[in-house]
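Shown next, in structure tokens, is the structure this report addresses.
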Amino acid sequence: VTLKTRLGWDEDRSAPDLARRAEAAGVRLVTIHGRTRCQFYAGRADWAAIRAVREAVTVPLVANGDIGSAADARAALALSGADGVHDRARRAGKALAARAGGGGTGRRPVPAAPAGEALADLVCAHHEEMLAFYGRALGGRVARKHLGWYLDAAGAPSAARATVVTCDDPARVAALVRAALAHAPALAA
Ligand SMILES: Cc1cc2nc3c(=O)[nH]c(=O)nc-3n(C[C@H](O)[C@H](O)[C@H](O)COP(=O)(O)O)c2cc1C
């Protein structure tokens with residue numbers, strides 16, 4: 001079980017206490033949107049304020065809000081101390097450079113964005129995780145939009161995209177994705 005919440009309801013900034021209690025109850029990962037509920041979507045997300053949650057829990061922490069590029073992802077990791085970012089805006093590609101980097105703590109450098117076979121490996125791993133999590137039938141359908149976004153971001157031909165997002169055989173989907181991404185450049189940051 002994971003938890004996603006905001007910095008607090010308002011200036012109470014209750015997220016560290018809430019996250020601490022969630023961790024004690026067994027929650028395995030916490031995501032914080034760097035705004036309060038009263039802010040709704042106004043103003044900029046405050047990545048530095050997420051650091052108070054970093055100091056409150058040891059489970060993996062994910063920073064969220066206003067992350068629209070790899071540079072944003074790096075800044076959010078550095079300011080928050082989070083282990084990863086949740087990027088709604090750019091979906092497929094822009095935050096891949098930060099994925100699994102743990103760069104916010106300074107423990108590991110942010111890896112370069114993958115290209116070619118390394119990109120195909122990452123996308124196929126995501127595909128397999130979706131199949132494992134949702135099961136073959138639903139997972140295959142959930143995967144379609146993500147695979148489509150990856151292929152669009154990589155500039156794959158629309159015919160390849162159309163075949164991938166209409167195919168029901170996971171092994172064939174993976175093979176098509178590999179073929180489409182084998183020589184793809186790193187997705188733009
Ligand atoms: C139209 C829309 C729908 C959303 N739906 C959900 C949701 O179902 N669950 C959730 O945890 N957050 C949801 N969010 C919040 C986003 O996941 C994210 O926390 C928030 O938009 C801040 O990130 P951003 O600045 O990248 O948009 C939604 C946001 C928008 C704009």
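Labels used: A, B, ... for chains in the order of the structure tokens, numbers from 1 for residues in each chain, and numbers from 1 for ligands as shown.
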| Quick one: residues within 12 Å of Arg136 (chain A), only C-alpha atoms counted, chain neighbours fewer than 5 positions away excluded, as a PyMOL selection string? | chain A and resi 127-131+141-143+168-171
For the selection just defined, write its residues with C-alpha atoms to a file, as a PDB file, in the first residue's frame.
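Below is the file out_39.pdb, written as the result:
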```pdb
ATOM      1  CA  HIS A 127       5.066  -3.199 -19.984  1.00  0.00           C
ATOM      2  CA  GLU A 128       5.850  -6.375 -18.018  1.00  0.00           C
ATOM      3  CA  GLU A 129       5.162  -4.622 -14.718  1.00  0.00           C
ATOM      4  CA  MET A 130       1.743  -3.511 -15.978  1.00  0.00           C
ATOM      5  CA  LEU A 131       0.921  -7.077 -17.101  1.00  0.00           C
ATOM      6  CA  ARG A 141      -5.142  -2.533 -22.265  1.00  0.00           C
ATOM      7  CA  VAL A 142      -3.728  -0.240 -19.580  1.00  0.00           C
ATOM      8  CA  ALA A 143      -0.332  -0.523 -21.267  1.00  0.00           C
ATOM      9  CA  ASP A 168      -3.521  -8.552 -27.922  1.00  0.00           C
ATOM     10  CA  ASP A 169      -0.421 -10.771 -27.728  1.00  0.00           C
ATOM     11  CA  PRO A 170       2.000  -9.409 -25.050  1.00  0.00           C
ATOM     12  CA  ALA A 171       5.030 -11.171 -26.540  1.00  0.00           C
TER      13      ALA A 171
END
```
| message | Residues within 7 Å of Pro114 (chain A), please, as an MDAnalysis selection string. Count only C-alpha atoms; anything in the same chain fewer than 3 positions from it doesn't count. | response | chainID A and resid 118:119 186
Selected residues written out, C-alpha atoms, as a compact mmCIF listing (two decimals), in the first residue's frame:
```
# COMPACT_ATOMS: atom_id res chain seq x y z
CA ALA A 118 18.40 0.60 -23.08
CA LEU A 119 15.24 2.62 -23.75
CA ALA A 186 17.03 9.40 -25.85
```
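Between CA of His33 (chain A) and CA of Gly148 (chain A) the separation is 26.2 Å.
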| said: Need the shell around Arg28 (chain A): protein/DNA/RNA residues with any atom at most 9 Å away, counting only C-alpha atoms. Skip same-chain ones fewer than 6 positions apart. Format as a PyMOL selection string? | reply: chain A and resi 1-3+22+59-60
Restricted to N, CA and C atoms, what would the selected residues look like written as an mmCIF file, in the first residue's frame?
```cif
data_model
loop_
_atom_site.group_PDB
_atom_site.id
_atom_site.type_symbol
_atom_site.label_atom_id
_atom_site.label_comp_id
_atom_site.auth_asym_id
_atom_site.auth_seq_id
_atom_site.Cartn_x
_atom_site.Cartn_y
_atom_site.Cartn_z
ATOM 1 N N VAL A 1 0.844 -1.187 0.000
ATOM 2 C CA VAL A 1 0.000 0.000 0.000
ATOM 3 C C VAL A 1 0.884 1.243 0.000
ATOM 4 N N THR A 2 0.555 2.193 -0.865
ATOM 5 C CA THR A 2 1.302 3.451 -0.922
ATOM 6 C C THR A 2 0.345 4.607 -0.611
ATOM 7 N N LEU A 3 0.931 5.759 -0.311
ATOM 8 C CA LEU A 3 0.129 6.938 0.025
ATOM 9 C C LEU A 3 0.534 8.104 -0.870
ATOM 10 N N ALA A 22 1.571 7.002 8.576
ATOM 11 C CA ALA A 22 1.312 6.037 7.497
ATOM 12 C C ALA A 22 2.421 4.988 7.458
ATOM 13 N N VAL A 59 10.758 5.285 4.269
ATOM 14 C CA VAL A 59 10.273 4.602 3.057
ATOM 15 C C VAL A 59 10.578 5.478 1.843
ATOM 16 N N PRO A 60 10.620 4.870 0.646
ATOM 17 C CA PRO A 60 10.859 5.677 -0.550
ATOM 18 C C PRO A 60 9.857 6.830 -0.651
#
```
Within 12 Å of ligand 1, which residues of chain A show up? Give each one with its shortest atom-to-atom distance in Å (one decimal) and the two atoms involved, counting only C-alpha atoms and all ligand atoms, rows by chain then rising residue number, as JSON lines.
```
{"residue": "A:Thr2", "atom": "CA", "partner": "ligand 1", "partner_atom_place_in_ligand_line": "11 (O)", "distance": 10.9}
{"residue": "A:Leu3", "atom": "CA", "partner": "ligand 1", "partner_atom_place_in_ligand_line": "11 (O)", "distance": 8.8}
{"residue": "A:Lys4", "atom": "CA", "partner": "ligand 1", "partner_atom_place_in_ligand_line": "11 (O)", "distance": 5.9}
{"residue": "A:Thr5", "atom": "CA", "partner": "ligand 1", "partner_atom_place_in_ligand_line": "11 (O)", "distance": 7.1}
{"residue": "A:Arg6", "atom": "CA", "partner": "ligand 1", "partner_atom_place_in_ligand_line": "19 (O)", "distance": 7.9}
{"residue": "A:Leu7", "atom": "CA", "partner": "ligand 1", "partner_atom_place_in_ligand_line": "19 (O)", "distance": 11.0}
{"residue": "A:Val30", "atom": "CA", "partner": "ligand 1", "partner_atom_place_in_ligand_line": "11 (O)", "distance": 11.4}
{"residue": "A:Thr31", "atom": "CA", "partner": "ligand 1", "partner_atom_place_in_ligand_line": "19 (O)", "distance": 8.7}
{"residue": "A:Ile32", "atom": "CA", "partner": "ligand 1", "partner_atom_place_in_ligand_line": "19 (O)", "distance": 7.8}
{"residue": "A:His33", "atom": "CA", "partner": "ligand 1", "partner_atom_place_in_ligand_line": "19 (O)", "distance": 5.1}
{"residue": "A:Gly34", "atom": "CA", "partner": "ligand 1", "partner_atom_place_in_ligand_line": "22 (C)", "distance": 7.7}
{"residue": "A:Arg35", "atom": "CA", "partner": "ligand 1", "partner_atom_place_in_ligand_line": "22 (C)", "distance": 8.0}
{"residue": "A:Thr36", "atom": "CA", "partner": "ligand 1", "partner_atom_place_in_ligand_line": "22 (C)", "distance": 10.7}
{"residue": "A:Arg37", "atom": "CA", "partner": "ligand 1", "partner_atom_place_in_ligand_line": "19 (O)", "distance": 10.8}
{"residue": "A:Gln39", "atom": "CA", "partner": "ligand 1", "partner_atom_place_in_ligand_line": "22 (C)", "distance": 11.2}
{"residue": "A:Phe40", "atom": "CA", "partner": "ligand 1", "partner_atom_place_in_ligand_line": "20 (C)", "distance": 9.1}
{"residue": "A:Tyr41", "atom": "CA", "partner": "ligand 1", "partner_atom_place_in_ligand_line": "21 (O)", "distance": 7.2}
{"residue": "A:Ala42", "atom": "CA", "partner": "ligand 1", "partner_atom_place_in_ligand_line": "25 (O)", "distance": 9.7}
{"residue": "A:Gly43", "atom": "CA", "partner": "ligand 1", "partner_atom_place_in_ligand_line": "25 (O)", "distance": 9.8}
{"residue": "A:Arg44", "atom": "CA", "partner": "ligand 1", "partner_atom_place_in_ligand_line": "25 (O)", "distance": 8.1}
{"residue": "A:Ala45", "atom": "CA", "partner": "ligand 1", "partner_atom_place_in_ligand_line": "25 (O)", "distance": 7.0}
{"residue": "A:Asp46", "atom": "CA", "partner": "ligand 1", "partner_atom_place_in_ligand_line": "25 (O)", "distance": 10.5}
{"residue": "A:Trp47", "atom": "CA", "partner": "ligand 1", "partner_atom_place_in_ligand_line": "25 (O)", "distance": 11.1}
{"residue": "A:Val62", "atom": "CA", "partner": "ligand 1", "partner_atom_place_in_ligand_line": "19 (O)", "distance": 10.8}
{"residue": "A:Ala63", "atom": "CA", "partner": "ligand 1", "partner_atom_place_in_ligand_line": "19 (O)", "distance": 9.3}
{"residue": "A:Asn64", "atom": "CA", "partner": "ligand 1", "partner_atom_place_in_ligand_line": "23 (O)", "distance": 5.5}
{"residue": "A:Gly65", "atom": "CA", "partner": "ligand 1", "partner_atom_place_in_ligand_line": "25 (O)", "distance": 3.5}
{"residue": "A:Asp66", "atom": "CA", "partner": "ligand 1", "partner_atom_place_in_ligand_line": "25 (O)", "distance": 3.5}
{"residue": "A:Ile67", "atom": "CA", "partner": "ligand 1", "partner_atom_place_in_ligand_line": "26 (O)", "distance": 5.3}
{"residue": "A:Gly68", "atom": "CA", "partner": "ligand 1", "partner_atom_place_in_ligand_line": "26 (O)", "distance": 6.8}
{"residue": "A:Ser69", "atom": "CA", "partner": "ligand 1", "partner_atom_place_in_ligand_line": "26 (O)", "distance": 10.2}
{"residue": "A:Asp72", "atom": "CA", "partner": "ligand 1", "partner_atom_place_in_ligand_line": "26 (O)", "distance": 10.5}
{"residue": "A:Ala73", "atom": "CA", "partner": "ligand 1", "partner_atom_place_in_ligand_line": "26 (O)", "distance": 10.6}
{"residue": "A:Ala76", "atom": "CA", "partner": "ligand 1", "partner_atom_place_in_ligand_line": "26 (O)", "distance": 11.7}
{"residue": "A:Val85", "atom": "CA", "partner": "ligand 1", "partner_atom_place_in_ligand_line": "26 (O)", "distance": 9.6}
{"residue": "A:His86", "atom": "CA", "partner": "ligand 1", "partner_atom_place_in_ligand_line": "26 (O)", "distance": 7.3}
{"residue": "A:Asp87", "atom": "CA", "partner": "ligand 1", "partner_atom_place_in_ligand_line": "26 (O)", "distance": 5.2}
{"residue": "A:Arg88", "atom": "CA", "partner": "ligand 1", "partner_atom_place_in_ligand_line": "26 (O)", "distance": 4.2}
{"residue": "A:Ala89", "atom": "CA", "partner": "ligand 1", "partner_atom_place_in_ligand_line": "26 (O)", "distance": 4.9}
{"residue": "A:Arg90", "atom": "CA", "partner": "ligand 1", "partner_atom_place_in_ligand_line": "26 (O)", "distance": 8.0}
{"residue": "A:Arg91", "atom": "CA", "partner": "ligand 1", "partner_atom_place_in_ligand_line": "26 (O)", "distance": 9.3}
{"residue": "A:Lys94", "atom": "CA", "partner": "ligand 1", "partner_atom_place_in_ligand_line": "26 (O)", "distance": 11.8}
{"residue": "A:Ala95", "atom": "CA", "partner": "ligand 1", "partner_atom_place_in_ligand_line": "26 (O)", "distance": 11.2}
```
Those selected residues, please, written with C-alpha atoms and delivered as a PDB file, in the first residue's frame.
```
ATOM      1  CA  THR A   2       1.302   3.451  -0.922  1.00  0.00           C
ATOM      2  CA  LEU A   3       0.129   6.938   0.025  1.00  0.00           C
ATOM      3  CA  LYS A   4      -0.175  10.058  -2.109  1.00  0.00           C
ATOM      4  CA  THR A   5      -1.121  13.316  -0.469  1.00  0.00           C
ATOM      5  CA  ARG A   6      -0.376  17.039  -0.357  1.00  0.00           C
ATOM      6  CA  LEU A   7       1.806  19.139   1.957  1.00  0.00           C
ATOM      7  CA  VAL A  30       4.858   8.054   0.039  1.00  0.00           C
ATOM      8  CA  THR A  31       4.222  10.568  -2.745  1.00  0.00           C
ATOM      9  CA  ILE A  32       3.827  14.251  -1.873  1.00  0.00           C
ATOM     10  CA  HIS A  33       2.274  16.851  -4.183  1.00  0.00           C
ATOM     11  CA  GLY A  34       4.079  20.034  -3.183  1.00  0.00           C
ATOM     12  CA  ARG A  35       0.938  22.128  -2.671  1.00  0.00           C
ATOM     13  CA  THR A  36      -1.610  22.304   0.142  1.00  0.00           C
ATOM     14  CA  ARG A  37      -5.249  21.395  -0.358  1.00  0.00           C
ATOM     15  CA  GLN A  39      -3.819  25.999  -2.771  1.00  0.00           C
ATOM     16  CA  PHE A  40      -5.642  23.562  -5.041  1.00  0.00           C
ATOM     17  CA  TYR A  41      -3.598  23.946  -8.242  1.00  0.00           C
ATOM     18  CA  ALA A  42      -2.606  27.594  -7.777  1.00  0.00           C
ATOM     19  CA  GLY A  43       0.978  28.754  -7.471  1.00  0.00           C
ATOM     20  CA  ARG A  44       4.122  26.721  -7.906  1.00  0.00           C
ATOM     21  CA  ALA A  45       4.637  23.392  -6.195  1.00  0.00           C
ATOM     22  CA  ASP A  46       7.091  23.801  -3.290  1.00  0.00           C
ATOM     23  CA  TRP A  47       9.631  20.994  -3.726  1.00  0.00           C
ATOM     24  CA  VAL A  62       8.298  10.609  -4.423  1.00  0.00           C
ATOM     25  CA  ALA A  63       8.026  14.338  -5.154  1.00  0.00           C
ATOM     26  CA  ASN A  64       5.171  15.604  -7.341  1.00  0.00           C
ATOM     27  CA  GLY A  65       3.875  18.857  -8.783  1.00  0.00           C
ATOM     28  CA  ASP A  66       5.022  21.087 -11.628  1.00  0.00           C
ATOM     29  CA  ILE A  67       7.577  18.610 -12.919  1.00  0.00           C
ATOM     30  CA  GLY A  68       7.590  19.129 -16.667  1.00  0.00           C
ATOM     31  CA  SER A  69      11.156  18.367 -17.726  1.00  0.00           C
ATOM     32  CA  ASP A  72      12.586  20.073 -13.176  1.00  0.00           C
ATOM     33  CA  ALA A  73      12.928  16.466 -12.034  1.00  0.00           C
ATOM     34  CA  ALA A  76      12.768  18.566  -7.390  1.00  0.00           C
ATOM     35  CA  VAL A  85       9.422  12.054  -9.086  1.00  0.00           C
ATOM     36  CA  HIS A  86       5.839  11.620 -10.242  1.00  0.00           C
ATOM     37  CA  ASP A  87       5.413  13.533 -13.439  1.00  0.00           C
ATOM     38  CA  ARG A  88       1.876  13.971 -14.700  1.00  0.00           C
ATOM     39  CA  ALA A  89       2.618  16.539 -17.328  1.00  0.00           C
ATOM     40  CA  ARG A  90       5.040  14.734 -19.593  1.00  0.00           C
ATOM     41  CA  ARG A  91       4.087  11.115 -19.070  1.00  0.00           C
ATOM     42  CA  LYS A  94      10.802  13.645 -19.856  1.00  0.00           C
ATOM     43  CA  ALA A  95      11.420  12.301 -16.380  1.00  0.00           C
TER      44      ALA A  95
END
```
| task | Take CA of Ala132 (chain A) and CA of Arg144 (chain A) and report the distance between them in Å, one decimal. | result | 14.7 Å
| request: Using DSSP on the backbone, list every residue of region 39-168 of chain A that comes out as helix (DSSP H, G or I), and give them as a PyMOL selection string. | output: chain A and resi 48-54+70-80+103-105+116-134+136-153+158-164
| What is the CA of Ala175 (chain A) to CA of Ala113 (chain A) distance in Å? |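 One can read the CA of Ala175 (chain A) to CA of Ala113 (chain A) distance as 21.6 Å.
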| message | If we count only C-alpha atoms and set the cut-off at 10 Å, which residues sit around Ala120 (chain A), ignoring sequence neighbours fewer than 5 positions away in its own chain? Please answer as an MDAnalysis selection string. | response | chainID A and resid 114:115 125:126 150 174:175 177:184
| field | Selected residue, from A:Gly84, A:Ala75, A:Ala137, A:Leu187, that lies nearest to Leu61 (chain A) when counting only C-alpha atoms | value |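 Selected residue with least distance to Leu61 (chain A): A:Gly84.
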| request: Considering only C-alpha atoms, state which residue in the set A:Ala188, A:Ala48, A:Val57, A:Val173 is at the smallest distance from Cys124 (chain A). | output: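 Smallest separation from Cys124 (chain A) among the options: A:Val173.
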| message | I need the residue nearest Leu29 (chain A) from this list: A:Ile50, A:Leu77, A:Ala160, A:Ala82. Use only C-alpha atoms for the distance. | response |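 Residue with the minimum atom-to-atom distance to Leu29 (chain A): A:Ala82.
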